[in-house]
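See structure below.
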Amino acid sequence: MCKFYFRSNRAEDGMTGVMLISCKTLSKAKKYAKDKFKEYGYKGKAIRCAAITFIMCLCFVLNVNAANISDTLRVDNTKITKVIEYPTTNSKGNKTIKYYFIYKGELVNTSKTVVEKYKLAKQFGANCALVIINGKNSKRIVLN
């Protein structure tokens with residue numbers, strides 16, 4: 001069984017009809033589509049548009065995937081040179097602390113939990129399992 005997509009227009013209200021037909025041959029599918037479109041009041045030929053639909057779907061998928069590019073890489077603990085705990089205030093005026101690592105000379109955002117576990121691992125001479133997430137606009141270090 002093959003799947004065929006067809007499209008036709010209705011003149012009175014400018015509507016476009018789209019139909020998906022599973023059939024063994026293209027000629028049977030065209031005849032069925034033509035009859036159905038005629039029954040629903042659509043004028044003109046039933047046009048096979050599988051290639052156009054496929055290309056549109058492919059473009060949509062590629063566009064979505066391009067917007068969500070993020071890499072996750074393992075962090076080498078020896079390249080973390082400093083832990084920064086920066087006191088600041090939020091929009092409501094409450095005092096908060098923001099946590100950062102200096103990793104390979106860059107300031108990278110992290111969380112309180114990650115800093116605490118990193119310090120504990122460092123205190124006992126162990127490596128902490130960390131990864132860096134390179135997002136579209138930001139980087140952050142999280143636990144692995």
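The way I read the labels, and the way they are meant: chains A, B, ... in the order of the structure tokens, residue 1 as the first residue of every chain, and ligand 1 as the first ligand shown, with later ones counted on from there.
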
Mind checking which residues fall within 10 Å of stretch 99-116 of chain A, counting only C-alpha atoms, ignoring those fewer than 6 positions away in the same chain, and posting them as a VMD selection string? chain A and resid 75 to 87 122 128 to 130 132 to 133 138 to 144
